[in-house]
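Below is the file data.tsv, which contains TSV, N, CA and C atoms.
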chain	number	residue	atom	x	y	z
N	21	MET	N	0.85	-1.17	0.00
N	21	MET	CA	0.00	0.00	0.00
N	21	MET	C	0.90	1.24	0.00
N	22	PRO	N	0.63	2.20	-0.90
N	22	PRO	CA	1.46	3.40	-0.94
N	22	PRO	C	1.26	4.27	0.29
N	23	LYS	N	2.30	4.98	0.63
N	23	LYS	CA	2.22	5.92	1.75
N	23	LYS	C	1.34	7.10	1.36
N	24	GLY	N	0.90	7.85	2.37
N	24	GLY	CA	0.14	9.07	2.14
N	24	GLY	C	0.95	10.26	2.60
N	25	TYR	N	0.76	11.38	1.94
N	25	TYR	CA	1.50	12.60	2.26
N	25	TYR	C	0.55	13.77	2.38
N	26	VAL	N	0.81	14.62	3.35
N	26	VAL	CA	0.10	15.89	3.47
N	26	VAL	C	1.16	16.97	3.30
N	27	ILE	N	0.89	17.91	2.38
N	27	ILE	CA	1.77	19.05	2.17
N	27	ILE	C	1.00	20.30	2.52
N	28	LEU	N	1.62	21.11	3.38
N	28	LEU	CA	1.04	22.39	3.78
N	28	LEU	C	1.98	23.50	3.33
N	29	THR	N	1.43	24.50	2.66
N	29	THR	CA	2.20	25.71	2.37
N	29	THR	C	1.56	26.80	3.23
N	30	GLU	N	2.40	27.54	3.93
N	30	GLU	CA	1.91	28.47	4.95
N	30	GLU	C	2.51	29.86	4.75
N	31	ALA	N	1.64	30.85	4.62
N	31	ALA	CA	2.06	32.25	4.63
N	31	ALA	C	1.77	32.75	6.05
N	32	ILE	N	2.79	32.72	6.88
N	32	ILE	CA	2.62	32.96	8.32
N	32	ILE	C	2.42	34.44	8.61
N	33	LYS	N	1.34	34.74	9.34
N	33	LYS	CA	1.03	36.11	9.77
N	33	LYS	C	1.33	36.30	11.25
N	34	ASP	N	1.26	35.22	12.01
N	34	ASP	CA	1.40	35.27	13.47
N	34	ASP	C	2.31	34.13	13.93
N	35	PRO	N	3.63	34.40	14.07
N	35	PRO	CA	4.55	33.33	14.47
N	35	PRO	C	4.21	32.70	15.82
N	36	GLU	N	3.75	33.48	16.77
N	36	GLU	CA	3.38	32.91	18.07
N	36	GLU	C	2.18	31.98	17.94
N	37	GLY	N	1.23	32.35	17.09
N	37	GLY	CA	0.08	31.49	16.83
N	37	GLY	C	0.50	30.19	16.17
N	38	MET	N	1.48	30.26	15.27
N	38	MET	CA	1.97	29.04	14.62
N	38	MET	C	2.71	28.15	15.62
N	39	ALA	N	3.41	28.77	16.57
N	39	ALA	CA	4.07	27.98	17.61
N	39	ALA	C	3.02	27.26	18.46
N	40	ALA	N	1.92	27.95	18.76
N	40	ALA	CA	0.83	27.31	19.52
N	40	ALA	C	0.22	26.16	18.71
N	41	TYR	N	0.05	26.38	17.41
N	41	TYR	CA	-0.47	25.33	16.54
N	41	TYR	C	0.45	24.10	16.55
N	42	SER	N	1.75	24.33	16.48
N	42	SER	CA	2.70	23.21	16.50
N	42	SER	C	2.57	22.39	17.78
N	43	ARG	N	2.41	23.09	18.90
N	43	ARG	CA	2.24	22.38	20.18
N	43	ARG	C	0.94	21.58	20.20
N	44	LEU	N	-0.12	22.13	19.62
N	44	LEU	CA	-1.41	21.44	19.60
N	44	LEU	C	-1.45	20.29	18.60
N	45	SER	N	-0.84	20.48	17.45
N	45	SER	CA	-0.94	19.46	16.40
N	45	SER	C	0.06	18.33	16.58
N	46	GLY	N	1.17	18.58	17.24
N	46	GLY	CA	2.22	17.57	17.39
N	46	GLY	C	1.74	16.23	17.93
N	47	PRO	N	0.98	16.22	19.02
N	47	PRO	CA	0.51	14.93	19.54
N	47	PRO	C	-0.38	14.16	18.55
N	48	SER	N	-1.19	14.88	17.76
N	48	SER	CA	-2.04	14.17	16.79
N	48	SER	C	-1.20	13.58	15.66
N	49	VAL	N	-0.14	14.26	15.25
N	49	VAL	CA	0.75	13.74	14.21
N	49	VAL	C	1.43	12.47	14.73
N	50	ALA	N	1.95	12.53	15.94
N	50	ALA	CA	2.62	11.36	16.53
N	50	ALA	C	1.65	10.19	16.69
N	51	ALA	N	0.44	10.47	17.16
N	51	ALA	CA	-0.55	9.41	17.37
N	51	ALA	C	-0.95	8.74	16.07
N	52	ALA	N	-0.86	9.47	14.96
N	52	ALA	CA	-1.23	8.92	13.65
N	52	ALA	C	-0.09	8.11	13.03
N	53	GLY	N	1.05	8.06	13.69
N	53	GLY	CA	2.19	7.32	13.15
N	53	GLY	C	2.85	8.02	11.98
N	54	ALA	N	2.68	9.34	11.91
N	54	ALA	CA	3.25	10.12	10.81
N	54	ALA	C	4.68	10.53	11.10
N	55	LYS	N	5.38	10.83	10.03
N	55	LYS	CA	6.73	11.39	10.13
N	55	LYS	C	6.71	12.79	9.53
N	56	ILE	N	7.37	13.71	10.19
N	56	ILE	CA	7.55	15.04	9.62
N	56	ILE	C	8.81	14.96	8.76
N	57	LEU	N	8.62	15.04	7.44
N	57	LEU	CA	9.74	14.90	6.52
N	57	LEU	C	10.41	16.24	6.22
N	58	VAL	N	9.61	17.31	6.16
N	58	VAL	CA	10.14	18.61	5.75
N	58	VAL	C	9.45	19.71	6.54
N	59	VAL	N	10.23	20.65	7.02
N	59	VAL	CA	9.76	21.95	7.48
N	59	VAL	C	10.79	22.92	6.92
N	60	ASP	N	10.41	23.64	5.86
N	60	ASP	CA	11.38	24.45	5.13
N	60	ASP	C	10.87	25.87	4.95
N	61	GLU	N	11.66	26.81	5.40
N	61	GLU	CA	11.33	28.23	5.23
N	61	GLU	C	12.16	28.86	4.12
N	62	ASP	N	12.86	28.05	3.34
N	62	ASP	CA	13.69	28.55	2.26
N	62	ASP	C	13.53	27.63	1.04
N	63	VAL	N	12.28	27.47	0.60
N	63	VAL	CA	12.02	26.63	-0.57
N	63	VAL	C	12.69	27.26	-1.78
N	64	GLN	N	13.35	26.45	-2.57
N	64	GLN	CA	14.00	26.95	-3.78
N	64	GLN	C	13.10	26.65	-4.97
N	65	LEU	N	12.37	27.66	-5.39
N	65	LEU	CA	11.42	27.53	-6.47
N	65	LEU	C	12.16	27.36	-7.79
N	66	LEU	N	11.85	26.30	-8.50
N	66	LEU	CA	12.48	26.03	-9.79
N	66	LEU	C	11.62	26.47	-10.97
N	67	GLU	N	10.30	26.38	-10.81
N	67	GLU	CA	9.38	26.77	-11.87
N	67	GLU	C	8.06	27.21	-11.24
N	68	GLY	N	7.34	28.05	-11.94
N	68	GLY	CA	6.00	28.43	-11.52
N	68	GLY	C	5.97	29.31	-10.29
N	69	GLU	N	4.90	29.18	-9.53
N	69	GLU	CA	4.69	29.97	-8.32
N	69	GLU	C	4.51	29.04	-7.14
N	70	TRP	N	4.90	29.50	-5.97
N	70	TRP	CA	4.74	28.73	-4.74
N	70	TRP	C	4.14	29.63	-3.69
N	71	HIS	N	3.22	29.11	-2.95
N	71	HIS	CA	2.51	29.87	-1.92
N	71	HIS	C	3.25	29.81	-0.59
N	72	GLY	N	3.30	30.92	0.09
N	72	GLY	CA	3.73	30.93	1.48
N	72	GLY	C	5.23	31.03	1.68
N	73	ASN	N	5.59	31.13	2.95
N	73	ASN	CA	7.00	31.24	3.33
N	73	ASN	C	7.47	30.02	4.13
N	74	ARG	N	6.60	29.03	4.31
N	74	ARG	CA	7.03	27.78	4.94
N	74	ARG	C	6.25	26.63	4.31
N	75	THR	N	6.97	25.54	4.07
N	75	THR	CA	6.36	24.33	3.53
N	75	THR	C	6.63	23.18	4.48
N	76	VAL	N	5.58	22.39	4.73
N	76	VAL	CA	5.67	21.24	5.63
N	76	VAL	C	5.18	20.01	4.87
N	77	VAL	N	5.95	18.92	4.97
N	77	VAL	CA	5.55	17.66	4.35
N	77	VAL	C	5.50	16.59	5.44
N	78	LEU	N	4.34	15.96	5.56
N	78	LEU	CA	4.12	14.88	6.52
N	78	LEU	C	3.93	13.58	5.75
N	79	GLU	N	4.50	12.49	6.26
N	79	GLU	CA	4.35	11.17	5.64
N	79	GLU	C	3.55	10.27	6.58
N	80	PHE	N	2.54	9.61	6.03
N	80	PHE	CA	1.68	8.70	6.79
N	80	PHE	C	1.78	7.30	6.20
N	81	PRO	N	1.42	6.29	6.97
N	81	PRO	CA	1.47	4.92	6.44
N	81	PRO	C	0.64	4.72	5.17
N	82	SER	N	-0.43	5.51	5.01
N	82	SER	CA	-1.27	5.42	3.81
N	82	SER	C	-2.05	6.73	3.65
N	83	ALA	N	-2.63	6.92	2.47
N	83	ALA	CA	-3.46	8.10	2.24
N	83	ALA	C	-4.70	8.06	3.13
N	84	ASP	N	-5.25	6.86	3.36
N	84	ASP	CA	-6.42	6.75	4.24
N	84	ASP	C	-6.08	7.19	5.66
N	85	GLU	N	-4.88	6.83	6.13
N	85	GLU	CA	-4.47	7.23	7.47
N	85	GLU	C	-4.17	8.73	7.54
N	86	ALA	N	-3.69	9.30	6.44
N	86	ALA	CA	-3.48	10.75	6.39
N	86	ALA	C	-4.81	11.48	6.50
N	87	ARG	N	-5.81	11.01	5.76
N	87	ARG	CA	-7.14	11.63	5.81
N	87	ARG	C	-7.74	11.46	7.20
N	88	ALA	N	-7.59	10.28	7.80
N	88	ALA	CA	-8.12	10.05	9.15
N	88	ALA	C	-7.47	11.01	10.14
N	89	TRP	N	-6.16	11.25	10.00
N	89	TRP	CA	-5.49	12.22	10.88
N	89	TRP	C	-6.08	13.61	10.67
N	90	TYR	N	-6.21	14.04	9.42
N	90	TYR	CA	-6.70	15.38	9.12
N	90	TYR	C	-8.10	15.60	9.67
N	91	GLU	N	-8.92	14.55	9.66
N	91	GLU	CA	-10.30	14.64	10.15
N	91	GLU	C	-10.45	14.29	11.63
N	92	SER	N	-9.35	13.90	12.28
N	92	SER	CA	-9.41	13.47	13.68
N	92	SER	C	-9.77	14.61	14.62
N	93	ASP	N	-10.35	14.24	15.76
N	93	ASP	CA	-10.70	15.25	16.77
N	93	ASP	C	-9.46	16.02	17.23
N	94	GLY	N	-8.35	15.31	17.41
N	94	GLY	CA	-7.13	15.97	17.86
N	94	GLY	C	-6.66	17.04	16.89
N	95	TYR	N	-6.69	16.73	15.60
N	95	TYR	CA	-6.24	17.73	14.63
N	95	TYR	C	-7.29	18.82	14.43
N	96	GLN	N	-8.54	18.48	14.54
N	96	GLN	CA	-9.59	19.48	14.37
N	96	GLN	C	-9.50	20.58	15.43
N	97	ARG	N	-8.96	20.24	16.61
N	97	ARG	CA	-8.75	21.27	17.64
N	97	ARG	C	-7.59	22.19	17.27
N	98	ALA	N	-6.60	21.67	16.58
N	98	ALA	CA	-5.41	22.46	16.21
N	98	ALA	C	-5.62	23.28	14.94
N	99	LYS	N	-6.38	22.76	14.00
N	99	LYS	CA	-6.52	23.38	12.68
N	99	LYS	C	-6.96	24.85	12.72
N	100	PRO	N	-7.95	25.23	13.52
N	100	PRO	CA	-8.35	26.64	13.54
N	100	PRO	C	-7.25	27.58	14.03
N	101	VAL	N	-6.36	27.06	14.87
N	101	VAL	CA	-5.24	27.88	15.35
N	101	VAL	C	-4.30	28.17	14.18
N	102	ARG	N	-4.03	27.15	13.36
N	102	ARG	CA	-3.20	27.35	12.16
N	102	ARG	C	-3.87	28.32	11.21
N	103	GLN	N	-5.16	28.13	10.98
N	103	GLN	CA	-5.87	28.98	10.03
N	103	GLN	C	-5.92	30.44	10.47
N	104	ALA	N	-5.92	30.68	11.78
N	104	ALA	CA	-5.89	32.05	12.29
N	104	ALA	C	-4.50	32.66	12.18
N	105	ALA	N	-3.46	31.84	12.23
N	105	ALA	CA	-2.08	32.32	12.26
N	105	ALA	C	-1.43	32.41	10.88
N	106	ALA	N	-2.02	31.77	9.88
N	106	ALA	CA	-1.39	31.74	8.55
N	106	ALA	C	-2.44	31.49	7.48
N	107	ASP	N	-2.15	32.00	6.29
N	107	ASP	CA	-2.93	31.62	5.11
N	107	ASP	C	-2.28	30.36	4.58
N	108	CYS	N	-3.06	29.29	4.47
N	108	CYS	CA	-2.48	27.98	4.16
N	108	CYS	C	-3.16	27.31	2.98
N	109	ASN	N	-2.40	26.49	2.33
N	109	ASN	CA	-2.91	25.50	1.39
N	109	ASN	C	-2.54	24.14	1.96
N	110	ALA	N	-3.42	23.17	1.81
N	110	ALA	CA	-3.14	21.81	2.29
N	110	ALA	C	-3.61	20.83	1.22
N	111	VAL	N	-2.76	19.86	0.91
N	111	VAL	CA	-3.13	18.81	-0.03
N	111	VAL	C	-2.78	17.46	0.56
N	112	LEU	N	-3.53	16.44	0.14
N	112	LEU	CA	-3.27	15.05	0.52
N	112	LEU	C	-2.90	14.32	-0.76
N	113	LEU	N	-1.80	13.60	-0.72
N	113	LEU	CA	-1.32	12.87	-1.88
N	113	LEU	C	-1.14	11.40	-1.53
N	114	SER	N	-1.39	10.56	-2.52
N	114	SER	CA	-1.12	9.14	-2.37
N	114	SER	C	0.22	8.87	-3.03
N	115	GLY	N	1.10	8.15	-2.31
N	115	GLY	CA	2.42	7.84	-2.82
N	115	GLY	C	2.35	6.92	-4.03
N	116	PHE	N	3.49	6.72	-4.62
N	116	PHE	CA	3.60	5.89	-5.83
N	116	PHE	C	4.44	4.67	-5.50
N	117	GLU	N	3.94	3.53	-5.92
N	117	GLU	CA	4.72	2.31	-5.79
N	117	GLU	C	5.07	1.82	-7.18
N	118	MET	N	6.34	1.62	-7.42
N	118	MET	CA	6.80	1.14	-8.72
N	118	MET	C	6.23	-0.26	-8.95
N	119	PRO	N	5.62	-0.49	-10.12
N	119	PRO	CA	5.12	-1.84	-10.41
N	119	PRO	C	6.27	-2.84	-10.41
N	120	ALA	N	5.95	-4.06	-10.03
N	120	ALA	CA	6.96	-5.12	-10.00
N	120	ALA	C	7.50	-5.35	-11.41
N	121	ARG	N	8.78	-5.53	-11.48
N	121	ARG	CA	9.41	-5.78	-12.79
N	121	ARG	C	9.23	-7.25	-13.15
N	122	ARG	N	8.94	-7.47	-14.40
N	122	ARG	CA	8.81	-8.85	-14.89
N	122	ARG	C	10.16	-9.30	-15.39
N	123	ALA	N	10.47	-10.53	-15.06
N	123	ALA	CA	11.78	-11.07	-15.49
N	123	ALA	C	11.76	-11.51	-16.91
Using structure tokens, write down the structure that the file contains.
Amino acid sequence: MPKGYVILTEAIKDPEGMAAYSRLSGPSVAAAGAKILVVDEDVQLLEGEWHGNRTVVLEFPSADEARAWYESDGYQRAKPVRQAAADCNAVLLSGFEMPARRA
């Protein structure tokens, strides 16, 4: 089963609010068995446009588990704090598994 990923791009307006969000959301991320793969405030744009001044990438065991985390009570308590502190985009992606090679 492919892994699931959540990518957040954040245009932070209130750094203290984002710190509060991190404290609130951290336990829900850990409980979901997710890994924080990226927290980058210096994204190097190669093409097109990119939103925000910070990008976060979370890895989950599956896309279904990523969605369950996003909809969980624990994250629902943290989400409004993030939304008040930053203009954000959030996407859920399903990972790719290379098909088995035939001999």
Spatial neighbours of Asp107 in chain N, 6.5 Å, only N, CA and C atoms, chain gap at least 6 places, as a ChimeraX atom specification: /N:29-33
Å distance separating atom N of Met38 in chain N from atom C of Val76 in chain N, one decimal place: 15.1 Å
Atom-to-atom span, CA of Gln64 in chain N and CA of Gly115 in chain N, Å: 22.4 Å
Size and centre in Å, one decimal, axis-aligned box, all listed range 43-52 of chain N atoms plus 5 Å per side, as JSON:
{"center_x": 0.3, "center_y": 15.6, "center_z": 16.6, "size_x": 14.7, "size_y": 25.0, "size_z": 17.2}
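Pairwise distance (atom C of Glu117 in chain N, CA of Tyr95 in chain N) equals 29.3 Å.
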